[in-house]
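Trainee: Quick one, work.txt (compact mmCIF, N, CA and C atoms):
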# COMPACT_ATOMS: atom_id res chain seq x y z
N MET J 1 24.59 -12.34 2.83
CA MET J 1 23.43 -12.63 2.00
C MET J 1 23.30 -11.52 0.95
N ALA J 2 23.12 -11.90 -0.29
CA ALA J 2 23.03 -10.94 -1.40
C ALA J 2 21.69 -10.22 -1.41
N VAL J 3 21.72 -8.97 -1.87
CA VAL J 3 20.51 -8.19 -2.08
C VAL J 3 19.95 -8.60 -3.43
N SER J 4 18.71 -9.07 -3.47
CA SER J 4 18.10 -9.46 -4.75
C SER J 4 17.40 -8.26 -5.38
N VAL J 5 17.62 -8.10 -6.70
CA VAL J 5 17.14 -6.91 -7.41
C VAL J 5 16.38 -7.32 -8.66
N LEU J 6 15.25 -6.67 -8.87
CA LEU J 6 14.48 -6.77 -10.11
C LEU J 6 14.65 -5.45 -10.84
N ILE J 7 15.06 -5.50 -12.10
CA ILE J 7 15.26 -4.30 -12.91
C ILE J 7 14.02 -4.08 -13.76
N ALA J 8 13.39 -2.91 -13.63
CA ALA J 8 12.19 -2.59 -14.40
C ALA J 8 12.42 -1.29 -15.16
N ASP J 9 12.67 -1.42 -16.45
CA ASP J 9 12.93 -0.26 -17.32
C ASP J 9 12.51 -0.65 -18.73
N ASP J 10 11.94 0.29 -19.47
CA ASP J 10 11.49 -0.03 -20.82
C ASP J 10 12.62 -0.08 -21.84
N SER J 11 13.82 0.31 -21.46
CA SER J 11 14.96 0.24 -22.36
C SER J 11 15.69 -1.08 -22.19
N LYS J 12 15.64 -1.92 -23.21
CA LYS J 12 16.35 -3.21 -23.17
C LYS J 12 17.84 -2.99 -23.00
N LEU J 13 18.38 -1.96 -23.67
CA LEU J 13 19.81 -1.68 -23.56
C LEU J 13 20.18 -1.34 -22.11
N LEU J 14 19.42 -0.47 -21.47
CA LEU J 14 19.73 -0.11 -20.09
C LEU J 14 19.58 -1.31 -19.17
N ARG J 15 18.55 -2.14 -19.38
CA ARG J 15 18.40 -3.34 -18.54
C ARG J 15 19.61 -4.25 -18.69
N THR J 16 20.09 -4.42 -19.91
CA THR J 16 21.26 -5.27 -20.15
C THR J 16 22.50 -4.70 -19.46
N ILE J 17 22.69 -3.40 -19.59
CA ILE J 17 23.85 -2.76 -18.97
C ILE J 17 23.76 -2.86 -17.45
N LEU J 18 22.58 -2.62 -16.90
CA LEU J 18 22.41 -2.73 -15.45
C LEU J 18 22.64 -4.16 -14.96
N ARG J 19 22.12 -5.13 -15.70
CA ARG J 19 22.32 -6.54 -15.33
C ARG J 19 23.81 -6.87 -15.28
N ARG J 20 24.54 -6.43 -16.30
CA ARG J 20 25.99 -6.70 -16.33
C ARG J 20 26.71 -5.98 -15.19
N HIS J 21 26.34 -4.72 -14.98
CA HIS J 21 26.97 -3.94 -13.90
C HIS J 21 26.71 -4.57 -12.53
N LEU J 22 25.46 -4.87 -12.26
CA LEU J 22 25.11 -5.43 -10.95
C LEU J 22 25.56 -6.88 -10.82
N GLY J 23 25.57 -7.60 -11.92
CA GLY J 23 25.98 -9.01 -11.90
C GLY J 23 27.43 -9.19 -11.49
N GLY J 24 28.23 -8.16 -11.63
CA GLY J 24 29.63 -8.24 -11.23
C GLY J 24 29.85 -7.94 -9.76
N GLN J 25 28.78 -7.67 -9.03
CA GLN J 25 28.88 -7.35 -7.61
C GLN J 25 28.57 -8.59 -6.78
N PRO J 26 29.47 -8.99 -5.90
CA PRO J 26 29.25 -10.24 -5.15
C PRO J 26 28.07 -10.20 -4.19
N ASP J 27 27.65 -9.04 -3.74
CA ASP J 27 26.57 -8.95 -2.77
C ASP J 27 25.23 -8.55 -3.38
N ILE J 28 25.15 -8.61 -4.72
CA ILE J 28 23.91 -8.24 -5.41
C ILE J 28 23.55 -9.35 -6.40
N LEU J 29 22.28 -9.74 -6.40
CA LEU J 29 21.79 -10.78 -7.30
C LEU J 29 20.61 -10.25 -8.09
N VAL J 30 20.75 -10.17 -9.42
CA VAL J 30 19.64 -9.73 -10.27
C VAL J 30 18.73 -10.94 -10.49
N VAL J 31 17.45 -10.80 -10.10
CA VAL J 31 16.52 -11.92 -10.17
C VAL J 31 15.52 -11.81 -11.32
N GLY J 32 15.63 -10.74 -12.11
CA GLY J 32 14.74 -10.60 -13.24
C GLY J 32 14.75 -9.21 -13.83
N GLU J 33 14.11 -9.13 -15.00
CA GLU J 33 13.98 -7.87 -15.72
C GLU J 33 12.54 -7.72 -16.20
N ALA J 34 12.05 -6.50 -16.14
CA ALA J 34 10.70 -6.20 -16.63
C ALA J 34 10.77 -4.98 -17.54
N SER J 35 9.91 -4.97 -18.56
CA SER J 35 9.92 -3.87 -19.52
C SER J 35 8.74 -2.91 -19.34
N ASP J 36 7.84 -3.21 -18.40
CA ASP J 36 6.73 -2.30 -18.11
C ASP J 36 6.25 -2.52 -16.68
N PHE J 37 5.33 -1.67 -16.25
CA PHE J 37 4.86 -1.74 -14.86
C PHE J 37 4.17 -3.06 -14.53
N SER J 38 3.30 -3.52 -15.41
CA SER J 38 2.56 -4.75 -15.10
C SER J 38 3.49 -5.95 -15.01
N GLU J 39 4.47 -6.02 -15.88
CA GLU J 39 5.44 -7.12 -15.82
C GLU J 39 6.28 -7.02 -14.53
N ALA J 40 6.61 -5.81 -14.12
CA ALA J 40 7.38 -5.62 -12.88
C ALA J 40 6.60 -6.17 -11.69
N VAL J 41 5.32 -5.87 -11.64
CA VAL J 41 4.49 -6.36 -10.53
C VAL J 41 4.40 -7.88 -10.57
N GLN J 42 4.14 -8.45 -11.75
CA GLN J 42 4.03 -9.90 -11.88
C GLN J 42 5.31 -10.61 -11.43
N LEU J 43 6.46 -10.09 -11.88
CA LEU J 43 7.73 -10.71 -11.49
C LEU J 43 8.01 -10.53 -10.01
N ALA J 44 7.67 -9.38 -9.46
CA ALA J 44 7.89 -9.14 -8.03
C ALA J 44 7.06 -10.10 -7.18
N VAL J 45 5.84 -10.36 -7.60
CA VAL J 45 4.98 -11.30 -6.88
C VAL J 45 5.59 -12.70 -6.91
N ARG J 46 6.12 -13.10 -8.06
CA ARG J 46 6.69 -14.45 -8.21
C ARG J 46 8.06 -14.60 -7.57
N ARG J 47 8.91 -13.59 -7.74
CA ARG J 47 10.32 -13.74 -7.33
C ARG J 47 10.67 -13.08 -6.01
N ARG J 48 9.79 -12.23 -5.50
CA ARG J 48 9.97 -11.56 -4.21
C ARG J 48 11.37 -10.95 -4.03
N PRO J 49 11.74 -10.01 -4.92
CA PRO J 49 13.06 -9.39 -4.77
C PRO J 49 13.09 -8.47 -3.55
N ASP J 50 14.28 -8.23 -3.05
CA ASP J 50 14.44 -7.27 -1.96
C ASP J 50 14.16 -5.86 -2.47
N VAL J 51 14.62 -5.60 -3.71
CA VAL J 51 14.54 -4.25 -4.29
C VAL J 51 14.06 -4.32 -5.73
N VAL J 52 13.18 -3.39 -6.10
CA VAL J 52 12.83 -3.19 -7.50
C VAL J 52 13.41 -1.85 -7.92
N LEU J 53 14.24 -1.89 -8.93
CA LEU J 53 14.79 -0.68 -9.54
C LEU J 53 13.79 -0.28 -10.61
N LEU J 54 13.00 0.76 -10.37
CA LEU J 54 11.81 1.06 -11.17
C LEU J 54 11.92 2.39 -11.91
N ASP J 55 11.94 2.30 -13.24
CA ASP J 55 11.90 3.50 -14.09
C ASP J 55 10.50 4.11 -13.93
N LEU J 56 10.44 5.38 -13.61
CA LEU J 56 9.15 6.03 -13.39
C LEU J 56 8.39 6.34 -14.67
N TYR J 57 9.10 6.49 -15.76
CA TYR J 57 8.47 6.90 -17.01
C TYR J 57 8.73 5.86 -18.10
N MET J 58 7.97 4.78 -18.04
CA MET J 58 8.09 3.74 -19.06
C MET J 58 7.08 4.00 -20.16
N LYS J 59 7.31 3.38 -21.30
CA LYS J 59 6.48 3.62 -22.48
C LYS J 59 5.01 3.31 -22.26
N ASP J 60 4.72 2.27 -21.49
CA ASP J 60 3.32 1.87 -21.36
C ASP J 60 2.50 2.85 -20.55
N SER J 61 3.15 3.64 -19.71
CA SER J 61 2.37 4.54 -18.87
C SER J 61 3.27 5.32 -17.94
N GLN J 62 2.64 6.15 -17.17
CA GLN J 62 3.32 6.89 -16.11
C GLN J 62 2.25 7.43 -15.16
N GLY J 63 2.65 8.14 -14.15
CA GLY J 63 1.68 8.74 -13.24
C GLY J 63 0.81 7.74 -12.52
N LEU J 64 -0.45 7.64 -12.90
CA LEU J 64 -1.40 6.77 -12.23
C LEU J 64 -0.93 5.31 -12.26
N GLU J 65 -0.46 4.86 -13.42
CA GLU J 65 -0.01 3.47 -13.54
C GLU J 65 1.19 3.21 -12.64
N ALA J 66 2.10 4.18 -12.54
CA ALA J 66 3.25 4.04 -11.64
C ALA J 66 2.78 3.95 -10.20
N SER J 67 1.78 4.74 -9.85
CA SER J 67 1.24 4.72 -8.49
C SER J 67 0.61 3.38 -8.16
N ILE J 68 -0.15 2.85 -9.09
CA ILE J 68 -0.79 1.55 -8.88
C ILE J 68 0.27 0.47 -8.74
N ALA J 69 1.26 0.49 -9.63
CA ALA J 69 2.35 -0.49 -9.57
C ALA J 69 3.11 -0.36 -8.26
N GLY J 70 3.38 0.87 -7.84
CA GLY J 70 4.09 1.09 -6.59
C GLY J 70 3.37 0.47 -5.41
N ALA J 71 2.08 0.68 -5.35
CA ALA J 71 1.28 0.11 -4.25
C ALA J 71 1.34 -1.41 -4.26
N LYS J 72 1.24 -2.00 -5.43
CA LYS J 72 1.29 -3.46 -5.54
C LYS J 72 2.68 -4.00 -5.20
N LEU J 73 3.72 -3.26 -5.60
CA LEU J 73 5.07 -3.69 -5.28
C LEU J 73 5.31 -3.65 -3.77
N ILE J 74 4.84 -2.60 -3.13
CA ILE J 74 5.01 -2.47 -1.68
C ILE J 74 4.29 -3.61 -0.96
N GLU J 75 3.15 -4.04 -1.50
CA GLU J 75 2.42 -5.17 -0.90
C GLU J 75 3.26 -6.44 -0.89
N THR J 76 4.17 -6.58 -1.86
CA THR J 76 5.02 -7.78 -1.91
C THR J 76 6.15 -7.70 -0.89
N GLY J 77 6.33 -6.54 -0.26
CA GLY J 77 7.39 -6.38 0.72
C GLY J 77 8.69 -5.89 0.13
N THR J 78 8.69 -5.51 -1.12
CA THR J 78 9.91 -5.05 -1.77
C THR J 78 10.16 -3.57 -1.48
N ILE J 79 11.40 -3.19 -1.63
CA ILE J 79 11.80 -1.79 -1.54
C ILE J 79 11.87 -1.25 -2.96
N ILE J 80 11.34 -0.06 -3.17
CA ILE J 80 11.38 0.55 -4.50
C ILE J 80 12.46 1.62 -4.55
N LEU J 81 13.35 1.48 -5.52
CA LEU J 81 14.30 2.54 -5.87
C LEU J 81 13.85 3.06 -7.22
N ALA J 82 13.41 4.30 -7.26
CA ALA J 82 12.94 4.90 -8.50
C ALA J 82 14.13 5.43 -9.29
N ILE J 83 14.05 5.32 -10.62
CA ILE J 83 15.08 5.88 -11.48
C ILE J 83 14.42 6.70 -12.59
N SER J 84 15.11 7.77 -12.99
CA SER J 84 14.59 8.63 -14.05
C SER J 84 15.69 9.56 -14.54
N PHE J 85 15.56 10.00 -15.80
CA PHE J 85 16.46 11.03 -16.31
C PHE J 85 16.05 12.39 -15.76
N SER J 86 14.83 12.50 -15.30
CA SER J 86 14.31 13.75 -14.77
C SER J 86 14.42 13.75 -13.25
N ASN J 87 14.79 14.89 -12.70
CA ASN J 87 14.89 15.01 -11.26
C ASN J 87 14.12 16.25 -10.79
N ASP J 88 13.10 16.63 -11.57
CA ASP J 88 12.34 17.83 -11.23
C ASP J 88 11.35 17.53 -10.10
N GLU J 89 10.64 18.56 -9.67
CA GLU J 89 9.71 18.41 -8.54
C GLU J 89 8.62 17.38 -8.82
N ALA J 90 8.10 17.37 -10.05
CA ALA J 90 7.04 16.41 -10.38
C ALA J 90 7.54 14.98 -10.29
N THR J 91 8.75 14.74 -10.75
CA THR J 91 9.32 13.40 -10.70
C THR J 91 9.62 13.00 -9.26
N GLN J 92 10.13 13.92 -8.47
CA GLN J 92 10.37 13.65 -7.06
C GLN J 92 9.06 13.35 -6.34
N ALA J 93 8.02 14.08 -6.67
CA ALA J 93 6.70 13.85 -6.07
C ALA J 93 6.16 12.48 -6.45
N LEU J 94 6.33 12.10 -7.72
CA LEU J 94 5.86 10.79 -8.18
C LEU J 94 6.62 9.68 -7.46
N ALA J 95 7.93 9.83 -7.32
CA ALA J 95 8.73 8.82 -6.62
C ALA J 95 8.23 8.66 -5.18
N SER J 96 7.97 9.76 -4.54
CA SER J 96 7.46 9.73 -3.17
C SER J 96 6.07 9.11 -3.12
N GLN J 97 5.23 9.47 -4.07
CA GLN J 97 3.85 8.97 -4.12
C GLN J 97 3.80 7.46 -4.28
N ILE J 98 4.71 6.88 -5.05
CA ILE J 98 4.68 5.43 -5.25
C ILE J 98 5.37 4.66 -4.13
N GLY J 99 5.97 5.39 -3.19
CA GLY J 99 6.60 4.73 -2.05
C GLY J 99 8.07 4.41 -2.24
N ALA J 100 8.70 5.04 -3.22
CA ALA J 100 10.13 4.81 -3.43
C ALA J 100 10.93 5.36 -2.26
N VAL J 101 11.95 4.61 -1.84
CA VAL J 101 12.79 5.09 -0.75
C VAL J 101 13.79 6.13 -1.23
N ARG J 102 14.01 6.15 -2.54
CA ARG J 102 14.95 7.11 -3.11
C ARG J 102 14.73 7.22 -4.61
N LEU J 103 15.02 8.40 -5.15
CA LEU J 103 15.00 8.63 -6.60
C LEU J 103 16.44 8.78 -7.05
N LEU J 104 16.86 7.92 -7.98
CA LEU J 104 18.21 7.98 -8.52
C LEU J 104 18.16 8.55 -9.93
N ASP J 105 19.04 9.48 -10.21
CA ASP J 105 19.14 10.11 -11.52
C ASP J 105 19.90 9.16 -12.45
N LYS J 106 19.32 8.85 -13.59
CA LYS J 106 19.98 7.94 -14.54
C LYS J 106 21.33 8.46 -15.02
N MET J 107 21.53 9.77 -14.97
CA MET J 107 22.80 10.32 -15.42
C MET J 107 23.93 9.99 -14.44
N ASN J 108 23.61 9.72 -13.18
CA ASN J 108 24.60 9.35 -12.17
C ASN J 108 24.37 7.95 -11.63
N LEU J 109 23.59 7.17 -12.33
CA LEU J 109 23.12 5.89 -11.82
C LEU J 109 24.24 4.94 -11.43
N PHE J 110 25.25 4.82 -12.26
CA PHE J 110 26.28 3.82 -12.00
C PHE J 110 27.18 4.20 -10.84
N ALA J 111 27.28 5.47 -10.54
CA ALA J 111 28.06 5.90 -9.37
C ALA J 111 27.28 5.70 -8.08
N GLU J 112 25.95 5.82 -8.15
CA GLU J 112 25.12 5.79 -6.95
C GLU J 112 24.47 4.43 -6.66
N LEU J 113 24.26 3.63 -7.69
CA LEU J 113 23.41 2.45 -7.54
C LEU J 113 23.96 1.41 -6.58
N THR J 114 25.16 0.94 -6.80
CA THR J 114 25.70 -0.12 -5.94
C THR J 114 25.79 0.31 -4.49
N PRO J 115 26.36 1.50 -4.18
CA PRO J 115 26.39 1.90 -2.76
C PRO J 115 24.99 2.04 -2.16
N THR J 116 24.04 2.51 -2.95
CA THR J 116 22.66 2.65 -2.45
C THR J 116 22.08 1.27 -2.14
N LEU J 117 22.23 0.33 -3.06
CA LEU J 117 21.69 -1.02 -2.83
C LEU J 117 22.29 -1.67 -1.60
N LEU J 118 23.60 -1.53 -1.45
CA LEU J 118 24.28 -2.18 -0.33
C LEU J 118 24.00 -1.49 1.00
N SER J 119 23.53 -0.25 0.95
CA SER J 119 23.23 0.47 2.20
C SER J 119 21.82 0.24 2.70
N LEU J 120 20.97 -0.34 1.88
CA LEU J 120 19.57 -0.56 2.27
C LEU J 120 19.47 -1.58 3.39
N LYS J 121 18.57 -1.34 4.26
CA LYS J 121 18.31 -2.29 5.35
C LYS J 121 17.27 -3.29 4.85
N ILE J 122 17.73 -4.47 4.51
CA ILE J 122 16.84 -5.52 4.01
C ILE J 122 16.40 -6.36 5.22
N SER J 123 15.09 -6.49 5.41
CA SER J 123 14.59 -7.19 6.60
C SER J 123 13.86 -8.46 6.26
N ARG J 124 14.46 -9.27 5.45
CA ARG J 124 13.82 -10.56 5.11
C ARG J 124 14.56 -11.68 5.74
Could you take the file, read its structure, and then write that structure out as structure tokens?
Mentor:
Amino acid sequence: MAVSVLIADDSKLLRTILRRHLGGQPDILVVGEASDFSEAVQLAVRRRPDVVLLDLYMKDSQGLEASIAGAKLIETGTIILAISFSNDEATQALASQIGAVRLLDKMNLFAELTPTLLSLKISR
């Protein structure tokens, strides 16, 4: 059974690249893309992905909005994988605060993403 993934990042280019990268994996199914936190929550409620790949610092907001989105995403039963170019203590704290199971550095994303997704214990 494939791991279903929702990509949430404010960069259209990165979303496109991630969709193509993940779309070539037989055990991963991309079920949607969101460009901000509110859209990510709306799509997660409708599509119920196993995992949301969530950029912590999107244009529409960060911090409090990420926390609110994280709580709503967890309510849907999804697993949150946080992504960011920053890996400092504040970003790690934010990832933890929103309930992300892991923070992935965008600079190493393509090396880490597929193995991380396939290693998750999906209980649906």
Trainee: In Å, with one decimal, what is the gap from atom CA of J:Asp27 to atom CA of J:Val51?
Mentor: 13.0 Å
Trainee: From the set J:Leu104, J:Val5, J:Leu13, J:Ala44, which residue has the shortest atom-to-atom contact distance to J:Val31, counting only C-alpha atoms?
Mentor: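 The closest residue to J:Val31 is J:Val5.
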Trainee: Apply DSSP to the backbone of this structure and, from stretch 70-101 of chain J, keep only the residues in alpha helix (DSSP H); write these as a list in words.
Mentor: Gly70, Ala71, Lys72, Leu73, Ile74, Glu75, Glu89, Ala90, Thr91, Gln92, Ala93, Leu94, Ala95, Ser96 and Gln97 of chain J
Trainee: Which distance in Å separates atom CA of J:Ile98 and atom CA of J:Leu56, to one decimal?
Mentor: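 Between atom CA of J:Ile98 and atom CA of J:Leu56 the gap is 9.3 Å.
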Trainee: As a PyMOL selection string, please: the residues near J:Thr76 (cut-off 10 Å, only C-alpha atoms, same-chain neighbours under 3 positions excluded).
Mentor: chain J and resi 41+44-50+71-73+79
Trainee: Excluding J:Glu65 and any residue of its chain fewer than 3 positions from it, enumerate the residues within 12 Å of it, using only C-alpha atoms, and give them as number ranges by chain.
Mentor: J: 36-38, 40-41, 55-62, 68-72, 94, 97-98
Trainee: I need the chosen residues saved as a PDB file, in the coordinates of the input, with N, CA and C atoms.
Mentor:
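Full text of again39.pdb as output:
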ATOM      1  N   ASP J  36       7.840  -3.210 -18.400  1.00  0.00           N
ATOM      2  CA  ASP J  36       6.730  -2.300 -18.110  1.00  0.00           C
ATOM      3  C   ASP J  36       6.250  -2.520 -16.680  1.00  0.00           C
ATOM      4  N   PHE J  37       5.330  -1.670 -16.250  1.00  0.00           N
ATOM      5  CA  PHE J  37       4.860  -1.740 -14.860  1.00  0.00           C
ATOM      6  C   PHE J  37       4.170  -3.060 -14.530  1.00  0.00           C
ATOM      7  N   SER J  38       3.300  -3.520 -15.410  1.00  0.00           N
ATOM      8  CA  SER J  38       2.560  -4.750 -15.100  1.00  0.00           C
ATOM      9  C   SER J  38       3.490  -5.950 -15.010  1.00  0.00           C
ATOM     10  N   ALA J  40       6.610  -5.810 -14.120  1.00  0.00           N
ATOM     11  CA  ALA J  40       7.380  -5.620 -12.880  1.00  0.00           C
ATOM     12  C   ALA J  40       6.600  -6.170 -11.690  1.00  0.00           C
ATOM     13  N   VAL J  41       5.320  -5.870 -11.640  1.00  0.00           N
ATOM     14  CA  VAL J  41       4.490  -6.360 -10.530  1.00  0.00           C
ATOM     15  C   VAL J  41       4.400  -7.880 -10.570  1.00  0.00           C
ATOM     16  N   ASP J  55      11.940   2.300 -13.240  1.00  0.00           N
ATOM     17  CA  ASP J  55      11.900   3.500 -14.090  1.00  0.00           C
ATOM     18  C   ASP J  55      10.500   4.110 -13.930  1.00  0.00           C
ATOM     19  N   LEU J  56      10.440   5.380 -13.610  1.00  0.00           N
ATOM     20  CA  LEU J  56       9.150   6.030 -13.390  1.00  0.00           C
ATOM     21  C   LEU J  56       8.390   6.340 -14.670  1.00  0.00           C
ATOM     22  N   TYR J  57       9.100   6.490 -15.760  1.00  0.00           N
ATOM     23  CA  TYR J  57       8.470   6.900 -17.010  1.00  0.00           C
ATOM     24  C   TYR J  57       8.730   5.860 -18.100  1.00  0.00           C
ATOM     25  N   MET J  58       7.970   4.780 -18.040  1.00  0.00           N
ATOM     26  CA  MET J  58       8.090   3.740 -19.060  1.00  0.00           C
ATOM     27  C   MET J  58       7.080   4.000 -20.160  1.00  0.00           C
ATOM     28  N   LYS J  59       7.310   3.380 -21.300  1.00  0.00           N
ATOM     29  CA  LYS J  59       6.480   3.620 -22.480  1.00  0.00           C
ATOM     30  C   LYS J  59       5.010   3.310 -22.260  1.00  0.00           C
ATOM     31  N   ASP J  60       4.720   2.270 -21.490  1.00  0.00           N
ATOM     32  CA  ASP J  60       3.320   1.870 -21.360  1.00  0.00           C
ATOM     33  C   ASP J  60       2.500   2.850 -20.550  1.00  0.00           C
ATOM     34  N   SER J  61       3.150   3.640 -19.710  1.00  0.00           N
ATOM     35  CA  SER J  61       2.370   4.540 -18.870  1.00  0.00           C
ATOM     36  C   SER J  61       3.270   5.320 -17.940  1.00  0.00           C
ATOM     37  N   GLN J  62       2.640   6.150 -17.170  1.00  0.00           N
ATOM     38  CA  GLN J  62       3.320   6.890 -16.110  1.00  0.00           C
ATOM     39  C   GLN J  62       2.250   7.430 -15.160  1.00  0.00           C
ATOM     40  N   ILE J  68      -0.150   2.850  -9.090  1.00  0.00           N
ATOM     41  CA  ILE J  68      -0.790   1.550  -8.880  1.00  0.00           C
ATOM     42  C   ILE J  68       0.270   0.470  -8.740  1.00  0.00           C
ATOM     43  N   ALA J  69       1.260   0.490  -9.630  1.00  0.00           N
ATOM     44  CA  ALA J  69       2.350  -0.490  -9.570  1.00  0.00           C
ATOM     45  C   ALA J  69       3.110  -0.360  -8.260  1.00  0.00           C
ATOM     46  N   GLY J  70       3.380   0.870  -7.840  1.00  0.00           N
ATOM     47  CA  GLY J  70       4.090   1.090  -6.590  1.00  0.00           C
ATOM     48  C   GLY J  70       3.370   0.470  -5.410  1.00  0.00           C
ATOM     49  N   ALA J  71       2.080   0.680  -5.350  1.00  0.00           N
ATOM     50  CA  ALA J  71       1.280   0.110  -4.250  1.00  0.00           C
ATOM     51  C   ALA J  71       1.340  -1.410  -4.260  1.00  0.00           C
ATOM     52  N   LYS J  72       1.240  -2.000  -5.430  1.00  0.00           N
ATOM     53  CA  LYS J  72       1.290  -3.460  -5.540  1.00  0.00           C
ATOM     54  C   LYS J  72       2.680  -4.000  -5.200  1.00  0.00           C
ATOM     55  N   LEU J  94       6.330  12.100  -7.720  1.00  0.00           N
ATOM     56  CA  LEU J  94       5.860  10.790  -8.180  1.00  0.00           C
ATOM     57  C   LEU J  94       6.620   9.680  -7.460  1.00  0.00           C
ATOM     58  N   GLN J  97       5.230   9.470  -4.070  1.00  0.00           N
ATOM     59  CA  GLN J  97       3.850   8.970  -4.120  1.00  0.00           C
ATOM     60  C   GLN J  97       3.800   7.460  -4.280  1.00  0.00           C
ATOM     61  N   ILE J  98       4.710   6.880  -5.050  1.00  0.00           N
ATOM     62  CA  ILE J  98       4.680   5.430  -5.250  1.00  0.00           C
ATOM     63  C   ILE J  98       5.370   4.660  -4.130  1.00  0.00           C
TER      64      ILE J  98
END
Trainee: Just list the residues in chain J DSSP gives strand (DSSP E) on the backbone, as a list in words.
Mentor: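 Secondary structure check on chain J, strand (DSSP E): Val3, Ser4, Val5, Leu6, Ile7, Ala8, Ile28, Leu29, Val30, Val31, Gly32, Glu33, Ala34, Val51, Val52, Leu53, Leu54, Asp55, Ile79, Ile80, Leu81, Ala82, Ile83, Ser84, Arg102, Leu103, Leu104 and Asp105 of chain J.
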